[in-house]
Amino acid sequence: MNNNIEFKPDGFFKNGHFQTVYSALFHNPTELKNSEAVMIKTEENTTIGCEYNKAENAKNACTILIHGLEGSTESNYIVSTSKKLLAKGISVLRMNIRNCGGTMHLTNTFYNAGLTHDVNEIIKYCQEKLGHEKIYIVGYSLGANTVLKLAGESNYHQSLAGVVAVSPPLDLSMCANAIIRPDNKIYDLYYVRRMRRTYRKKKEFFPELVNLELLNKVRNLYDFDEYITGPLFNYKNAEDYYSQNSSLRFLVNIKVKTLIIQSKDDPIIPFKCTEEALKIENPNIQYLITEHGGHVGFINSLKSALKDHDRFWAENRIVDFITLN
């Protein structure tokens with residue numbers, strides 16, 4: 001993998017908050033055309049909505065891309081990375097996490113950070129129905145936790161060839177407590193507002209699943225998991241949910257080639273999570289750790305980007321990892 005492309009942001013881009021917000025607001029890739037809607041049933045009452053693009057002159061490989069909290073197949077980083085992979089002859093399947101991207105009617109559940117069964121069934125679909133022998137999975141943020149947990153469970157489909165996790169919340173409890181700090185209020189408000197809206201919208205399709213009175217208890221992201229996410233999936237509370245689904249405790253068992261990309265100034269993911277991960281010393285895991293980059297940002301300086309495809313450094317390292325493995 002090409003690790004020689006320097007990540008050296010300058011000016012305001014040395015600030016983790018600026019990286020995070022700028023990337024979310026101003027990274028606007030052009031539309032990904034000619035996508036085929038694919039519906040994949042993963043459980044009796046759950047179907048996952050995906051978008052599939054087969055690359056021209058395609059190699060016999062496919063990458064599944066999984067977005068973060070309250071994202072979708074149309075999230076900017078998902079679309080941008082997909083276009084780069086397609087240009088390299090790698091087909092892509094973009095996955096909507098349960099209820100995201102207009103798929104609320106396709107499942108009678110909500111979503112959480114540990115739903116690895118869905119991903120494994122989609123890997124299986126890519127191999128058996130789409131004919132791809134080598135499958136890679138790339139997860140961002142919440143999706144990054146899911147793909148690392150899957151790799152560490154060691155019961156994944158045999159066609160899985162590699163895993164990439166960008167800004168993974170390795171310790172969900174630590175990250176949930178970080179996002180509700182006063183200095184992170186902008187992120188907490190953003191996510192909670194969207195999650196409350198998703199929960200209310202779910203009542204239109206599955207009224208028996210939703211108790212809107214619970215929203216009166218929700219002041220922040222932790223509360224949402226305490227009163228809604230955890231109980232909906234039969235966990236005792238938020239901490240029980242976090243403990244059982246944090247990917248940190250699964251890293252030791254990973255046997256497939258894995259790349260974790262993380263910045264030290266991620267405002268949402270305390271770097272202590274990554275420091276704990278590094279203690280595990282699993283030779284199957286490679287880390288790209290940067291001083292700056294924020295949360296799913298990694299926007300390089302114009303000068304450094306001259307040696308790269310563009311300024312979106314993490315996306316380009318994903319492409320390198322997949323095309324060279």
# chains A, B, ... in the order shown; residues from 1 in each chain; ligands from 1
>>> select_by_dssp(residues="region 87-247 of chain A", states="strand (DSSP E or B)", output="mmCIF file with C-alpha atoms, in the first residue's frame")
data_model
loop_
_atom_site.group_PDB
_atom_site.id
_atom_site.type_symbol
_atom_site.label_atom_id
_atom_site.label_comp_id
_atom_site.auth_asym_id
_atom_site.auth_seq_id
_atom_site.Cartn_x
_atom_site.Cartn_y
_atom_site.Cartn_z
ATOM 1 C CA SER A 91 -17.386 -2.924 -8.401
ATOM 2 C CA VAL A 92 -19.181 -1.367 -5.432
ATOM 3 C CA LEU A 93 -22.259 -2.065 -3.387
ATOM 4 C CA ARG A 94 -23.400 0.741 -1.115
ATOM 5 C CA MET A 95 -25.392 -0.471 1.873
ATOM 6 C CA THR A 107 -37.527 -3.718 8.774
ATOM 7 C CA LYS A 134 -13.195 -11.282 -3.440
ATOM 8 C CA ILE A 135 -15.237 -9.001 -1.208
ATOM 9 C CA TYR A 136 -13.924 -6.011 0.719
ATOM 10 C CA ILE A 137 -15.896 -4.047 3.290
ATOM 11 C CA VAL A 138 -15.317 -0.393 4.147
ATOM 12 C CA GLY A 139 -17.041 1.224 7.091
ATOM 13 C CA TYR A 140 -17.110 4.818 8.239
ATOM 14 C CA LEU A 160 -14.147 -11.568 2.664
ATOM 15 C CA ALA A 161 -10.686 -10.442 1.541
ATOM 16 C CA GLY A 162 -10.124 -7.252 3.511
ATOM 17 C CA VAL A 163 -11.603 -4.658 5.851
ATOM 18 C CA VAL A 164 -11.139 -0.891 6.153
ATOM 19 C CA ALA A 165 -12.439 1.181 9.075
ATOM 20 C CA VAL A 166 -12.351 4.987 8.969
#
>>> residues_around(residues="His117 (chain A)", least_positions_apart="6", cutoff="10 Å", atoms="only C-alpha atoms", output="CSV table (one decimal) with N, CA, C and O atoms, in the first residue's frame")
chain,number,residue,atom,x,y,z
A,42,THR,N,-32.1,-10.1,4.9
A,42,THR,CA,-31.1,-10.6,5.8
A,42,THR,C,-31.7,-11.4,7.0
A,42,THR,O,-31.1,-12.2,7.6
A,43,GLU,N,-33.0,-11.1,7.3
A,43,GLU,CA,-33.7,-11.8,8.3
A,43,GLU,C,-35.2,-11.9,7.8
A,43,GLU,O,-35.6,-11.2,6.9
A,123,ILE,N,-22.4,-9.7,2.2
A,123,ILE,CA,-21.1,-10.3,1.6
A,123,ILE,C,-21.5,-11.6,0.9
A,123,ILE,O,-21.1,-11.9,-0.3
A,146,THR,N,-19.0,-1.6,13.1
A,146,THR,CA,-19.7,-2.8,12.6
A,146,THR,C,-18.8,-3.7,11.9
A,146,THR,O,-18.7,-5.0,12.1
A,150,LEU,N,-17.5,-7.5,12.9
A,150,LEU,CA,-17.7,-8.7,12.1
A,150,LEU,C,-16.4,-9.4,11.8
A,150,LEU,O,-16.3,-10.6,12.0
A,155,ASN,N,-16.7,-15.5,12.0
A,155,ASN,CA,-17.7,-16.4,11.3
A,155,ASN,C,-18.2,-15.7,10.0
A,155,ASN,O,-19.3,-16.0,9.5
A,156,TYR,N,-17.4,-14.8,9.5
A,156,TYR,CA,-17.8,-14.1,8.3
A,156,TYR,C,-17.6,-15.0,7.1
A,156,TYR,O,-16.9,-16.1,7.1
>>> closest_residue(among="A:Thr63, A:Gln286, A:Asn15, A:Ser80", to="Glu315 (chain A)", atoms="only C-alpha atoms")
A:Ser80
>>> closest_atom_pairs(of="region 16-120 of chain A", to="region 226-244 of chain A", cutoff="8 Å", atoms="only C-alpha atoms", output="tab-separated table")
residue	atom	partner	partner_atom	distance
A:Thr109	CA	A:Leu232	CA	7.7
A:Phe110	CA	A:Leu232	CA	7.4
A:Tyr111	CA	A:Thr229	CA	7.5
A:Asn112	CA	A:Thr229	CA	6.9
>>> write_last_selection(atoms="N, CA and C atoms", output="JSON list (two decimals), in the first residue's frame")
[["chain", "number", "residue", "atom", "x", "y", "z"],
["A", 109, "THR", "N", -37.36, -3.36, 12.96],
["A", 109, "THR", "CA", -36.43, -3.03, 14.04],
["A", 109, "THR", "C", -35.84, -1.65, 13.79],
["A", 110, "PHE", "N", -35.00, -1.20, 14.72],
["A", 110, "PHE", "CA", -34.24, 0.02, 14.53],
["A", 110, "PHE", "C", -32.84, -0.38, 14.04],
["A", 111, "TYR", "N", -31.80, 0.33, 14.38],
["A", 111, "TYR", "CA", -30.44, -0.09, 14.03],
["A", 111, "TYR", "C", -29.54, 0.08, 15.24],
["A", 112, "ASN", "N", -28.40, -0.61, 15.21],
["A", 112, "ASN", "CA", -27.37, -0.35, 16.21],
["A", 112, "ASN", "C", -26.00, -0.59, 15.62]]
>>> residues_around(residues="Ala58 (chain A)", least_positions_apart="3", cutoff="10 Å", atoms="only C-alpha atoms", output="mmCIF file with C-alpha atoms, in the first residue's frame")
data_model
loop_
_atom_site.group_PDB
_atom_site.id
_atom_site.type_symbol
_atom_site.label_atom_id
_atom_site.label_comp_id
_atom_site.auth_asym_id
_atom_site.auth_seq_id
_atom_site.Cartn_x
_atom_site.Cartn_y
_atom_site.Cartn_z
ATOM 1 C CA LYS A 54 -20.559 -2.952 -11.652
ATOM 2 C CA ALA A 55 -17.282 -1.510 -12.854
ATOM 3 C CA ALA A 61 -13.877 -8.023 -6.768
ATOM 4 C CA CYS A 62 -16.523 -5.931 -5.045
ATOM 5 C CA LEU A 86 -15.113 2.019 -9.923
ATOM 6 C CA ALA A 87 -12.423 3.909 -11.827
ATOM 7 C CA LYS A 88 -9.976 1.198 -10.717
ATOM 8 C CA GLY A 89 -12.199 -1.633 -11.962
ATOM 9 C CA ILE A 90 -13.609 -2.518 -8.523
ATOM 10 C CA SER A 91 -17.386 -2.924 -8.401
ATOM 11 C CA HIS A 132 -17.668 -11.666 -6.955
#
>>> closest_atom_pairs(of="region 194-282 of chain A", to="region 21-35 of chain A", cutoff="12 Å", atoms="only C-alpha atoms", output="CSV")
residue,atom,partner,partner_atom,distance
A:Asp266,CA,A:Val21,CA,11.3
A:Pro267,CA,A:Val21,CA,10.6
A:Ile268,CA,A:Val21,CA,11.8
>>> write_last_selection(atoms="N, CA, C and O atoms", output="compact mmCIF listing (two decimals), in the first residue's frame")
# COMPACT_ATOMS: atom_id res chain seq x y z
N ASP A 266 -9.58 13.73 16.34
CA ASP A 266 -11.00 13.44 16.10
C ASP A 266 -11.78 13.93 17.32
O ASP A 266 -11.56 13.46 18.44
N PRO A 267 -12.71 14.87 17.14
CA PRO A 267 -13.43 15.41 18.30
C PRO A 267 -14.44 14.44 18.89
O PRO A 267 -14.86 14.60 20.05
N ILE A 268 -14.83 13.43 18.12
CA ILE A 268 -15.87 12.49 18.55
C ILE A 268 -15.26 11.20 19.10
O ILE A 268 -15.81 10.59 20.01
>>> residues_around(residues="Leu248 (chain A)", least_positions_apart="6", cutoff="9 Å", atoms="only C-alpha atoms", output="number ranges by chain")
A: 145, 148-149, 169-172, 273-274, 276-277
>>> write_last_selection(atoms="C-alpha atoms", output="compact mmCIF listing (two decimals), in the first residue's frame")
# COMPACT_ATOMS: atom_id res chain seq x y z
CA ASN A 145 -17.37 -0.30 14.29
CA LEU A 148 -14.40 -4.45 12.68
CA LYS A 149 -16.74 -6.36 14.96
CA PRO A 169 -15.72 4.32 17.60
CA LEU A 170 -13.76 1.39 19.00
CA ASP A 171 -15.12 1.90 22.53
CA LEU A 172 -18.77 2.95 22.17
CA CYS A 273 -9.60 4.21 22.07
CA THR A 274 -6.88 3.77 19.47
CA GLU A 276 -5.96 0.74 23.71
CA ALA A 277 -6.27 -0.94 20.31
>>> closest_residue(among="A:Arg219, A:His157, A:His17, A:Lys307", to="Leu189 (chain A)", atoms="only C-alpha atoms")
A:Arg219
>>> residues_around(residues="Ser167 (chain A)", least_positions_apart="5", cutoff="8 Å", atoms="only C-alpha atoms", output="list in words")
Tyr140, Ser141, Ala144, Ile260, Ile261, Gln262, Ser263, Asp266, Ile269, His295 and Val296 of chain A
>>> select_by_dssp(residues="region 13-246 of chain A", states="helix (DSSP H, G or I)", output="PDB file with C-alpha atoms, in the first residue's frame")
ATOM      1  CA  PHE A  13      -7.470  22.189   8.404  1.00  0.00           C
ATOM      2  CA  LYS A  14      -5.123  21.472  11.310  1.00  0.00           C
ATOM      3  CA  GLY A  16     -10.194  18.611  14.094  1.00  0.00           C
ATOM      4  CA  HIS A  17     -13.519  20.423  14.365  1.00  0.00           C
ATOM      5  CA  PHE A  18     -12.858  22.330  11.148  1.00  0.00           C
ATOM      6  CA  GLN A  19     -11.935  19.124   9.302  1.00  0.00           C
ATOM      7  CA  THR A  20     -15.080  17.393  10.543  1.00  0.00           C
ATOM      8  CA  VAL A  21     -17.535  20.170   9.733  1.00  0.00           C
ATOM      9  CA  TYR A  22     -15.913  21.241   6.459  1.00  0.00           C
ATOM     10  CA  SER A  23     -15.925  17.689   5.114  1.00  0.00           C
ATOM     11  CA  ALA A  24     -19.589  17.234   6.036  1.00  0.00           C
ATOM     12  CA  LEU A  25     -20.701  20.510   4.454  1.00  0.00           C
ATOM     13  CA  PHE A  26     -18.433  21.091   1.483  1.00  0.00           C
ATOM     14  CA  ASN A  76     -20.653  12.245   0.321  1.00  0.00           C
ATOM     15  CA  TYR A  77     -17.756  10.051   1.476  1.00  0.00           C
ATOM     16  CA  ILE A  78     -19.604   6.906   0.312  1.00  0.00           C
ATOM     17  CA  VAL A  79     -20.287   8.279  -3.166  1.00  0.00           C
ATOM     18  CA  SER A  80     -16.795   9.743  -3.573  1.00  0.00           C
ATOM     19  CA  THR A  81     -15.001   6.552  -2.509  1.00  0.00           C
ATOM     20  CA  SER A  82     -17.285   4.477  -4.732  1.00  0.00           C
ATOM     21  CA  LYS A  83     -16.411   6.517  -7.806  1.00  0.00           C
ATOM     22  CA  LYS A  84     -12.694   6.081  -7.161  1.00  0.00           C
ATOM     23  CA  LEU A  85     -13.039   2.316  -6.757  1.00  0.00           C
ATOM     24  CA  LEU A  86     -15.113   2.019  -9.923  1.00  0.00           C
ATOM     25  CA  ALA A  87     -12.423   3.909 -11.827  1.00  0.00           C
ATOM     26  CA  MET A 104     -37.762   2.357   7.301  1.00  0.00           C
ATOM     27  CA  HIS A 105     -40.545   0.227   5.840  1.00  0.00           C
ATOM     28  CA  LEU A 106     -38.158  -2.668   5.161  1.00  0.00           C
ATOM     29  CA  THR A 116     -22.932  -7.693  11.782  1.00  0.00           C
ATOM     30  CA  HIS A 117     -25.420 -10.297  10.568  1.00  0.00           C
ATOM     31  CA  ASP A 118     -26.719  -7.861   7.939  1.00  0.00           C
ATOM     32  CA  VAL A 119     -23.223  -7.221   6.596  1.00  0.00           C
ATOM     33  CA  ASN A 120     -22.364 -10.909   6.492  1.00  0.00           C
ATOM     34  CA  GLU A 121     -25.524 -11.691   4.529  1.00  0.00           C
ATOM     35  CA  ILE A 122     -24.658  -8.949   2.055  1.00  0.00           C
ATOM     36  CA  ILE A 123     -21.133 -10.342   1.617  1.00  0.00           C
ATOM     37  CA  LYS A 124     -22.755 -13.698   0.903  1.00  0.00           C
ATOM     38  CA  TYR A 125     -25.102 -12.080  -1.640  1.00  0.00           C
ATOM     39  CA  CYS A 126     -22.198 -10.394  -3.442  1.00  0.00           C
ATOM     40  CA  GLN A 127     -20.439 -13.722  -3.827  1.00  0.00           C
ATOM     41  CA  GLU A 128     -23.398 -15.993  -4.607  1.00  0.00           C
ATOM     42  CA  LEU A 142     -20.679   3.718  13.135  1.00  0.00           C
ATOM     43  CA  GLY A 143     -20.283   1.475  10.085  1.00  0.00           C
ATOM     44  CA  ALA A 144     -16.565   1.167  10.888  1.00  0.00           C
ATOM     45  CA  ASN A 145     -17.366  -0.302  14.288  1.00  0.00           C
ATOM     46  CA  THR A 146     -19.684  -2.822  12.636  1.00  0.00           C
ATOM     47  CA  VAL A 147     -17.148  -4.053  10.077  1.00  0.00           C
ATOM     48  CA  LEU A 148     -14.398  -4.454  12.682  1.00  0.00           C
ATOM     49  CA  LYS A 149     -16.741  -6.362  14.962  1.00  0.00           C
ATOM     50  CA  LEU A 150     -17.671  -8.655  12.065  1.00  0.00           C
ATOM     51  CA  ALA A 151     -14.018  -9.338  11.245  1.00  0.00           C
ATOM     52  CA  GLY A 152     -13.346 -10.175  14.883  1.00  0.00           C
ATOM     53  CA  GLU A 153     -16.283 -12.538  15.173  1.00  0.00           C
ATOM     54  CA  LEU A 172     -18.767   2.950  22.175  1.00  0.00           C
ATOM     55  CA  SER A 173     -19.129   4.015  25.795  1.00  0.00           C
ATOM     56  CA  MET A 174     -16.048   6.220  25.681  1.00  0.00           C
ATOM     57  CA  CYS A 175     -17.235   7.800  22.438  1.00  0.00           C
ATOM     58  CA  ALA A 176     -20.815   8.350  23.611  1.00  0.00           C
ATOM     59  CA  ASN A 177     -19.518  10.140  26.689  1.00  0.00           C
ATOM     60  CA  ALA A 178     -17.155  12.230  24.538  1.00  0.00           C
ATOM     61  CA  ILE A 179     -19.869  13.426  22.179  1.00  0.00           C
ATOM     62  CA  PRO A 182     -20.057  20.710  26.152  1.00  0.00           C
ATOM     63  CA  ASP A 183     -17.338  21.291  23.533  1.00  0.00           C
ATOM     64  CA  ASN A 184     -18.992  18.678  21.280  1.00  0.00           C
ATOM     65  CA  LYS A 185     -22.541  19.982  21.691  1.00  0.00           C
ATOM     66  CA  ILE A 186     -22.845  20.765  17.981  1.00  0.00           C
ATOM     67  CA  TYR A 187     -22.420  17.089  17.080  1.00  0.00           C
ATOM     68  CA  ASP A 188     -24.661  15.816  19.855  1.00  0.00           C
ATOM     69  CA  LEU A 189     -27.464  18.167  18.839  1.00  0.00           C
ATOM     70  CA  TYR A 190     -27.088  17.248  15.180  1.00  0.00           C
ATOM     71  CA  TYR A 191     -27.233  13.490  15.715  1.00  0.00           C
ATOM     72  CA  VAL A 192     -29.939  13.514  18.378  1.00  0.00           C
ATOM     73  CA  ARG A 193     -32.172  15.742  16.264  1.00  0.00           C
ATOM     74  CA  ARG A 194     -31.870  13.345  13.331  1.00  0.00           C
ATOM     75  CA  MET A 195     -32.315  10.246  15.488  1.00  0.00           C
ATOM     76  CA  ARG A 196     -35.434  11.675  17.134  1.00  0.00           C
ATOM     77  CA  ARG A 197     -36.819  12.413  13.681  1.00  0.00           C
ATOM     78  CA  THR A 198     -36.038   8.872  12.495  1.00  0.00           C
ATOM     79  CA  TYR A 199     -37.704   7.406  15.587  1.00  0.00           C
ATOM     80  CA  ARG A 200     -40.860   9.482  15.068  1.00  0.00           C
ATOM     81  CA  LYS A 201     -40.969   8.575  11.376  1.00  0.00           C
ATOM     82  CA  LYS A 202     -40.708   4.885  12.241  1.00  0.00           C
ATOM     83  CA  PRO A 207     -46.542   1.991  15.520  1.00  0.00           C
ATOM     84  CA  GLU A 208     -46.191  -0.921  17.940  1.00  0.00           C
ATOM     85  CA  LEU A 209     -42.406  -0.460  17.954  1.00  0.00           C
ATOM     86  CA  LEU A 212     -42.923   8.581  21.606  1.00  0.00           C
ATOM     87  CA  GLU A 213     -43.132   9.305  25.341  1.00  0.00           C
ATOM     88  CA  LEU A 214     -39.591   7.963  25.634  1.00  0.00           C
ATOM     89  CA  LEU A 215     -38.341  10.968  23.695  1.00  0.00           C
ATOM     90  CA  ASN A 216     -39.199  13.136  26.713  1.00  0.00           C
ATOM     91  CA  LYS A 217     -36.291  11.426  28.501  1.00  0.00           C
ATOM     92  CA  LEU A 221     -27.074  10.698  22.346  1.00  0.00           C
ATOM     93  CA  TYR A 222     -26.319   8.653  25.464  1.00  0.00           C
ATOM     94  CA  ASP A 223     -29.940   9.008  26.602  1.00  0.00           C
ATOM     95  CA  PHE A 224     -31.183   7.827  23.218  1.00  0.00           C
ATOM     96  CA  ASP A 225     -29.179   4.630  23.581  1.00  0.00           C
ATOM     97  CA  GLU A 226     -30.165   4.297  27.246  1.00  0.00           C
ATOM     98  CA  TYR A 227     -33.926   4.536  26.704  1.00  0.00           C
ATOM     99  CA  ILE A 228     -34.418   3.519  23.081  1.00  0.00           C
ATOM    100  CA  THR A 229     -31.588   1.711  21.248  1.00  0.00           C
ATOM    101  CA  GLY A 230     -30.564  -0.536  24.122  1.00  0.00           C
ATOM    102  CA  PRO A 231     -34.070  -1.708  25.161  1.00  0.00           C
ATOM    103  CA  LEU A 232     -35.201  -2.146  21.550  1.00  0.00           C
ATOM    104  CA  ALA A 238     -26.784   1.874  27.100  1.00  0.00           C
ATOM    105  CA  GLU A 239     -23.692   0.498  28.837  1.00  0.00           C
ATOM    106  CA  ASP A 240     -24.775  -3.090  28.205  1.00  0.00           C
ATOM    107  CA  TYR A 241     -25.327  -2.256  24.540  1.00  0.00           C
ATOM    108  CA  TYR A 242     -21.948  -0.511  24.313  1.00  0.00           C
ATOM    109  CA  SER A 243     -20.092  -3.292  26.103  1.00  0.00           C
ATOM    110  CA  GLN A 244     -21.408  -6.072  23.893  1.00  0.00           C
ATOM    111  CA  ASN A 245     -20.952  -4.235  20.594  1.00  0.00           C
TER     112      ASN A 245
END
>>> atom_distance(atom1="CA of Phe12 (chain A)", atom2="CA of Glu74 (chain A)")
26.8 Å
